[in-house]
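Q: Okay, here's the structure, questions in a sec.
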Amino acid sequence: MLQVNNLNVVIDDLVLAKDMSFALESGKVNVIIGPNGTGKSTLLKTLFGDIHTKSGEITFANETLQRKQLSRWRKQFGYMPQDIRLDVELSVLEVVLLGQLNALGFRLDDSVIKEALSALDKIGLLHLANRPVNKLSGGQCQMILFAQALMRKPQILMLDEPVSALDLHFQHVLLDHLDAQTKEQGWITIMVLHDLNLAAQYADNLLVLKDGKLIATGHPNNILTPSLVKNVYNVEADITKDAAGIPFVRTIRNNRAATSIIENKEPKEQAIKVAEGAF
Ligand SMILES: Nc1ncnc2c1ncn2[C@@H]1O[C@H](COP(=O)(O)OP(=O)(O)OP(=O)(O)O)[C@@H](O)[C@H]1O
């Protein structure tokens with residue numbers, strides 16, 4: 001169980017976590033949703049120990065996150081960041097093997113290479129094994145980083161918008177694989193998604209953030225409602241449920257661009273003046 005108690009994070013006067021408390025269970029896929037800039041990536045980085053907390057406590061398996069013991073804490077994590085550029089002179093296979101960096105010796109064990117090749121095979125990318133990663137497409141890089149994260153065999157796996165560059169087929173390959181591995185291995189998986197329908201299909205538990213606050217948490221079948229979507233994104237939505245009770249979110253166009261320009265005229269002019277004053 002990963003437990004977060006009364007977490008507060010403030011950076012440059014921005015409140016990015018406000019009195020946040022939640023508990024995440026093993027073998028479950030947890031999906032964080034919320035508007036841009038609301039603190040989703042910051043929360044992942046905070047759990048990883050990358051960001052100082054103002055107050056609060058983060059515990060996992062009877063251990064509390066402490067700055068003195070960061071390297072030990074981080075060994076429990078696999079982390080696939082939002083930035084998917086792979087600007088290194090390495091082959092795909094070498095990048096996947098880096099997921100096992102802690103265990104690699106001077107001589108590579110055949111079993112480790114087989115495992116990396118098998119990871120690529122399972123996600124349908126074995127044919128890329130010897131290609132240089134800096135020549136891959138954005139979506140291919142994202143899949144390779146996913147294979148690398150799986151190689152770590154983490155207890156807690158965090159993925160920041162892991163399907164942002166993927167086509168429909170690979171979105172489901174990645175998420176199906178992630179869901180199966182999470183359940184099979186008993187991982188705590190935490191990922192950020194923007195697509196509410198993917199979140200509804202794959203989350204065992206949704207964490208809904210707004211302005212640094214956890215405003216709702218629970219199974220998508222129970223908490224994904226038109227009023228939640230309106231409250232979080234200021235977008236109207238119809239939500240229907242399929243036979244399994246999984247919500248399907250259809251958002252409704254409302255000529256927002258035209259109205260928001262008129263509504264925000266004054267703040268926009270003020271912002272231009274402030275920006276001009278900076279030069
Ligand atoms: N180290 C930092 N220094 C200053 N500001 C930061 C820092 N880290 C994050 N922020 C700010 O905190 C806010 C939240 O950032 P964060 O990346 O957590 O948002 P997010 O919810 O993941 O957004 P998105 O959906 O756009 O990826 C942003 O305004 C960002 O500029």
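We label chains A, B, ... in the order they appear in the structure tokens, count residues from 1 in each chain, and number ligands from 1 in the order shown.
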Just list as a VMD selection string whatever in region 61-266 of chain A DSSP marks as strand (DSSP E or B).

A: chain A and resid 63 to 64 77 to 80 91 132 156 to 160 188 to 192 205 to 210 213 to 218 237 to 241 247 to 251

Q: With C-alpha atoms kept, could you save the residues just selected as a PDB file, in the first residue's frame?

A:
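Result file is part.pdb:
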```
ATOM      1  CA  GLU A  63       9.048   2.818   4.891  1.00  0.00           C
ATOM      2  CA  THR A  64       8.630   6.606   4.896  1.00  0.00           C
ATOM      3  CA  PHE A  77       9.980   2.701  -8.616  1.00  0.00           C
ATOM      4  CA  GLY A  78       9.791   2.476 -12.378  1.00  0.00           C
ATOM      5  CA  TYR A  79       9.202   5.892 -13.908  1.00  0.00           C
ATOM      6  CA  MET A  80       8.298   6.707 -17.482  1.00  0.00           C
ATOM      7  CA  SER A  91      20.228   0.773 -30.101  1.00  0.00           C
ATOM      8  CA  PRO A 132      19.319   3.357 -33.342  1.00  0.00           C
ATOM      9  CA  ILE A 156       5.473   1.078  -8.026  1.00  0.00           C
ATOM     10  CA  LEU A 157       5.261   1.962 -11.723  1.00  0.00           C
ATOM     11  CA  MET A 158       4.592   5.588 -12.666  1.00  0.00           C
ATOM     12  CA  LEU A 159       3.846   6.689 -16.233  1.00  0.00           C
ATOM     13  CA  ASP A 160       3.316  10.305 -17.239  1.00  0.00           C
ATOM     14  CA  ILE A 188       0.993  -0.271  -7.870  1.00  0.00           C
ATOM     15  CA  THR A 189       0.603   1.474 -11.210  1.00  0.00           C
ATOM     16  CA  ILE A 190       0.012   5.223 -11.331  1.00  0.00           C
ATOM     17  CA  MET A 191      -0.394   6.967 -14.659  1.00  0.00           C
ATOM     18  CA  VAL A 192      -1.450  10.352 -15.933  1.00  0.00           C
ATOM     19  CA  ASN A 205      -9.078   3.866  -9.345  1.00  0.00           C
ATOM     20  CA  LEU A 206      -9.306   7.449 -10.606  1.00  0.00           C
ATOM     21  CA  LEU A 207      -7.636  10.385  -8.866  1.00  0.00           C
ATOM     22  CA  VAL A 208      -9.122  13.666 -10.024  1.00  0.00           C
ATOM     23  CA  LEU A 209      -6.928  16.743  -9.453  1.00  0.00           C
ATOM     24  CA  LYS A 210      -7.913  20.368  -9.751  1.00  0.00           C
ATOM     25  CA  LYS A 213      -6.426  19.459  -4.770  1.00  0.00           C
ATOM     26  CA  LEU A 214      -7.646  15.868  -4.938  1.00  0.00           C
ATOM     27  CA  ILE A 215     -11.313  16.593  -5.559  1.00  0.00           C
ATOM     28  CA  ALA A 216     -12.545  13.032  -6.218  1.00  0.00           C
ATOM     29  CA  THR A 217     -11.225   9.499  -6.043  1.00  0.00           C
ATOM     30  CA  GLY A 218     -12.793   6.107  -6.748  1.00  0.00           C
ATOM     31  CA  ALA A 237     -20.403  16.227 -21.503  1.00  0.00           C
ATOM     32  CA  ASP A 238     -22.910  13.429 -22.050  1.00  0.00           C
ATOM     33  CA  ILE A 239     -21.940  10.230 -20.244  1.00  0.00           C
ATOM     34  CA  THR A 240     -23.527   6.893 -21.136  1.00  0.00           C
ATOM     35  CA  LYS A 241     -22.604   3.468 -19.738  1.00  0.00           C
ATOM     36  CA  PRO A 247     -18.717   5.207 -18.751  1.00  0.00           C
ATOM     37  CA  PHE A 248     -18.376   6.653 -22.244  1.00  0.00           C
ATOM     38  CA  VAL A 249     -17.742  10.398 -22.274  1.00  0.00           C
ATOM     39  CA  ARG A 250     -18.902  12.465 -25.234  1.00  0.00           C
ATOM     40  CA  THR A 251     -17.985  16.106 -24.883  1.00  0.00           C
TER      41      THR A 251
END
```

Q: Leaving out Ile144 (chain A) and any residue of its chain fewer than 6 positions from it, which residues lie within 8 Å of it when counting only C-alpha atoms, given as a list of chain:residue names?

A: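 That gives A:Val92, A:Val95, A:Val96, A:Leu120.
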
Q: Counting only C-alpha atoms and all ligand atoms, which residues of chain A fall within 12 Å of ligand 1, and what is the closest atom pair for each with its distance in Å at one decimal, ordered by chain and rising number, as CSV?

A:
```
residue,atom,partner,partner_atom_place_in_ligand_line,distance
A:Val9,CA,ligand 1,12 (O),10.0
A:Val10,CA,ligand 1,12 (O),8.8
A:Ile11,CA,ligand 1,4 (C),5.8
A:Asp12,CA,ligand 1,4 (C),6.0
A:Asp13,CA,ligand 1,5 (N),9.0
A:Leu14,CA,ligand 1,12 (O),6.6
A:Val15,CA,ligand 1,12 (O),8.1
A:Leu16,CA,ligand 1,12 (O),6.3
A:Ala17,CA,ligand 1,18 (O),9.3
A:Ile32,CA,ligand 1,21 (O),9.2
A:Ile33,CA,ligand 1,21 (O),8.2
A:Gly34,CA,ligand 1,21 (O),6.5
A:Pro35,CA,ligand 1,25 (O),5.7
A:Asn36,CA,ligand 1,25 (O),3.4
A:Gly37,CA,ligand 1,19 (O),3.4
A:Thr38,CA,ligand 1,21 (O),3.8
A:Gly39,CA,ligand 1,18 (O),3.2
A:Lys40,CA,ligand 1,21 (O),3.8
A:Ser41,CA,ligand 1,22 (O),3.7
A:Thr42,CA,ligand 1,18 (O),3.7
A:Leu43,CA,ligand 1,18 (O),6.5
A:Leu44,CA,ligand 1,18 (O),8.2
A:Lys45,CA,ligand 1,18 (O),8.3
A:Thr46,CA,ligand 1,18 (O),9.6
A:Asp50,CA,ligand 1,1 (N),9.6
A:Ile51,CA,ligand 1,1 (N),7.8
A:His52,CA,ligand 1,1 (N),10.0
A:Pro81,CA,ligand 1,27 (O),10.6
A:Gln82,CA,ligand 1,27 (O),7.8
A:Asp83,CA,ligand 1,27 (O),10.2
A:Leu159,CA,ligand 1,22 (O),11.4
A:Asp160,CA,ligand 1,22 (O),8.0
A:Glu161,CA,ligand 1,27 (O),8.0
A:Pro162,CA,ligand 1,27 (O),11.6
A:Ser164,CA,ligand 1,27 (O),10.6
A:Met191,CA,ligand 1,22 (O),10.9
A:Val192,CA,ligand 1,22 (O),7.9
A:Leu193,CA,ligand 1,25 (O),8.5
A:His194,CA,ligand 1,25 (O),7.4
A:Asp195,CA,ligand 1,25 (O),11.2
A:Val208,CA,ligand 1,21 (O),10.6
A:Leu209,CA,ligand 1,21 (O),8.0
A:Lys210,CA,ligand 1,21 (O),8.5
A:Asp211,CA,ligand 1,21 (O),8.7
A:Gly212,CA,ligand 1,14 (C),8.2
A:Lys213,CA,ligand 1,21 (O),11.0
A:Leu214,CA,ligand 1,21 (O),11.9
A:Tyr233,CA,ligand 1,25 (O),11.7
```

Q: Based on the selection just made, write C-alpha atoms of those residues as a PDB file, in the first residue's frame.

A:
```pdb
ATOM      1  CA  VAL A   9       3.675  20.996  -2.074  1.00  0.00           C
ATOM      2  CA  VAL A  10       4.385  24.639  -2.873  1.00  0.00           C
ATOM      3  CA  ILE A  11       6.765  25.841  -5.609  1.00  0.00           C
ATOM      4  CA  ASP A  12       7.322  29.564  -6.200  1.00  0.00           C
ATOM      5  CA  ASP A  13       4.056  30.473  -4.422  1.00  0.00           C
ATOM      6  CA  LEU A  14       2.153  27.938  -6.582  1.00  0.00           C
ATOM      7  CA  VAL A  15       0.185  25.462  -4.482  1.00  0.00           C
ATOM      8  CA  LEU A  16       0.644  22.170  -6.358  1.00  0.00           C
ATOM      9  CA  ALA A  17      -0.615  19.785  -3.679  1.00  0.00           C
ATOM     10  CA  ILE A  32      -4.610  10.668 -12.476  1.00  0.00           C
ATOM     11  CA  ILE A  33      -6.711  13.101 -14.515  1.00  0.00           C
ATOM     12  CA  GLY A  34      -7.063  16.869 -14.366  1.00  0.00           C
ATOM     13  CA  PRO A  35      -6.470  20.089 -16.305  1.00  0.00           C
ATOM     14  CA  ASN A  36      -3.101  21.253 -17.668  1.00  0.00           C
ATOM     15  CA  GLY A  37      -0.843  22.747 -15.033  1.00  0.00           C
ATOM     16  CA  THR A  38      -2.833  21.383 -12.123  1.00  0.00           C
ATOM     17  CA  GLY A  39       0.008  19.380 -10.570  1.00  0.00           C
ATOM     18  CA  LYS A  40      -0.274  15.851 -12.008  1.00  0.00           C
ATOM     19  CA  SER A  41       3.383  15.499 -13.055  1.00  0.00           C
ATOM     20  CA  THR A  42       4.416  17.281  -9.866  1.00  0.00           C
ATOM     21  CA  LEU A  43       2.587  14.649  -7.831  1.00  0.00           C
ATOM     22  CA  LEU A  44       4.458  11.821  -9.610  1.00  0.00           C
ATOM     23  CA  LYS A  45       7.785  13.615  -9.106  1.00  0.00           C
ATOM     24  CA  THR A  46       6.928  14.175  -5.438  1.00  0.00           C
ATOM     25  CA  ASP A  50      12.269  14.599  -6.804  1.00  0.00           C
ATOM     26  CA  ILE A  51      10.377  17.517  -5.244  1.00  0.00           C
ATOM     27  CA  HIS A  52      10.538  18.798  -1.677  1.00  0.00           C
ATOM     28  CA  PRO A  81       8.457  10.498 -17.814  1.00  0.00           C
ATOM     29  CA  GLN A  82       6.434  12.761 -20.102  1.00  0.00           C
ATOM     30  CA  ASP A  83       9.446  13.703 -22.237  1.00  0.00           C
ATOM     31  CA  LEU A 159       3.846   6.689 -16.233  1.00  0.00           C
ATOM     32  CA  ASP A 160       3.316  10.305 -17.239  1.00  0.00           C
ATOM     33  CA  GLU A 161       0.990  10.490 -20.268  1.00  0.00           C
ATOM     34  CA  PRO A 162       2.351   7.197 -21.678  1.00  0.00           C
ATOM     35  CA  SER A 164       0.345  10.783 -25.801  1.00  0.00           C
ATOM     36  CA  MET A 191      -0.394   6.967 -14.659  1.00  0.00           C
ATOM     37  CA  VAL A 192      -1.450  10.352 -15.933  1.00  0.00           C
ATOM     38  CA  LEU A 193      -3.940  10.322 -18.823  1.00  0.00           C
ATOM     39  CA  HIS A 194      -5.836  13.119 -20.552  1.00  0.00           C
ATOM     40  CA  ASP A 195      -8.256  10.859 -22.466  1.00  0.00           C
ATOM     41  CA  VAL A 208      -9.122  13.666 -10.024  1.00  0.00           C
ATOM     42  CA  LEU A 209      -6.928  16.743  -9.453  1.00  0.00           C
ATOM     43  CA  LYS A 210      -7.913  20.368  -9.751  1.00  0.00           C
ATOM     44  CA  ASP A 211      -5.771  23.320  -8.649  1.00  0.00           C
ATOM     45  CA  GLY A 212      -3.510  21.024  -6.627  1.00  0.00           C
ATOM     46  CA  LYS A 213      -6.426  19.459  -4.770  1.00  0.00           C
ATOM     47  CA  LEU A 214      -7.646  15.868  -4.938  1.00  0.00           C
ATOM     48  CA  TYR A 233     -12.623  21.075 -17.279  1.00  0.00           C
TER      49      TYR A 233
END
```

Q: Point out the residue among A:Met20, A:Leu126, A:Leu168, A:Leu174 with the least atom-to-atom distance to Met143 (chain A), counting only C-alpha atoms.

A: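 With only C-alpha atoms as the atom set, the closest residue is A:Leu174.
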
Q: Tell me which of A:Ala119, A:Lys135, A:Lys114, A:Arg67 sits closest to Leu86 (chain A), counting only C-alpha atoms.

A: A:Lys135

Q: Show me, as a ChimeraX atom specification, the residues that have an atom within 12 Å of Asp176 (chain A) when counting only C-alpha atoms, minus same-chain residues fewer than 4 positions from it.

A: /A:29,122-123,163,169-172,180-183,198,201-203

Q: For C-alpha atoms, I'd like the residues from the last selection saved as an mmCIF file, in the first residue's frame.

A:
```cif
data_model
loop_
_atom_site.group_PDB
_atom_site.id
_atom_site.type_symbol
_atom_site.label_atom_id
_atom_site.label_comp_id
_atom_site.auth_asym_id
_atom_site.auth_seq_id
_atom_site.Cartn_x
_atom_site.Cartn_y
_atom_site.Cartn_z
ATOM 1 C CA VAL A 29 -4.104 0.694 -12.058
ATOM 2 C CA LYS A 122 5.257 -8.738 -26.469
ATOM 3 C CA ILE A 123 4.591 -5.160 -27.538
ATOM 4 C CA VAL A 163 0.068 7.125 -24.733
ATOM 5 C CA HIS A 169 -3.551 0.293 -31.878
ATOM 6 C CA PHE A 170 -0.503 0.985 -29.724
ATOM 7 C CA GLN A 171 -2.550 2.851 -27.090
ATOM 8 C CA HIS A 172 -4.403 -0.386 -26.437
ATOM 9 C CA ALA A 180 -2.182 -7.389 -17.247
ATOM 10 C CA GLN A 181 1.326 -6.906 -15.775
ATOM 11 C CA THR A 182 0.008 -4.756 -12.912
ATOM 12 C CA LYS A 183 -2.391 -7.511 -11.888
ATOM 13 C CA LEU A 198 -9.153 5.514 -21.843
ATOM 14 C CA GLN A 201 -11.651 1.733 -19.515
ATOM 15 C CA TYR A 202 -8.380 1.098 -17.710
ATOM 16 C CA ALA A 203 -8.529 2.718 -14.262
#
```

Q: Find, counting only C-alpha atoms, the residue in A:Lys75, A:Lys28, A:Lys153, A:Lys18 that gets nearest to Thr53 (chain A).

A: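 Answer, going by the shortest atom-to-atom distance: A:Lys18.
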
Q: So what do you get for CA of Asn130 (chain A) versus CA of Leu178 (chain A), distance-wise?

A: 24.1 Å

Q: Separation of CA of Gln66 (chain A) and CA of Glu25 (chain A), in Å?

A: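 So the two atoms, CA of Gln66 (chain A) and CA of Glu25 (chain A), lie 21.1 Å apart.
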
Q: Which of these residues is nearest to Asp179 (chain A), using only C-alpha atoms: A:Ala23, A:Asp204, A:Glu89, A:Ala243?

A: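 So, comparing all the options, the nearest one is A:Asp204.
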
Q: Which distance in Å separates CA of Gln3 (chain A) and CA of Phe60 (chain A), to one decimal?

A: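 Going from CA of Gln3 (chain A) over to CA of Phe60 (chain A) covers 6.3 Å.
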
Q: For Asp167 (chain A), which residue out of A:Asn134, A:Gln142, A:Gln100, A:Ser118 is the nearest one, using only C-alpha atoms?

A: A:Gln142
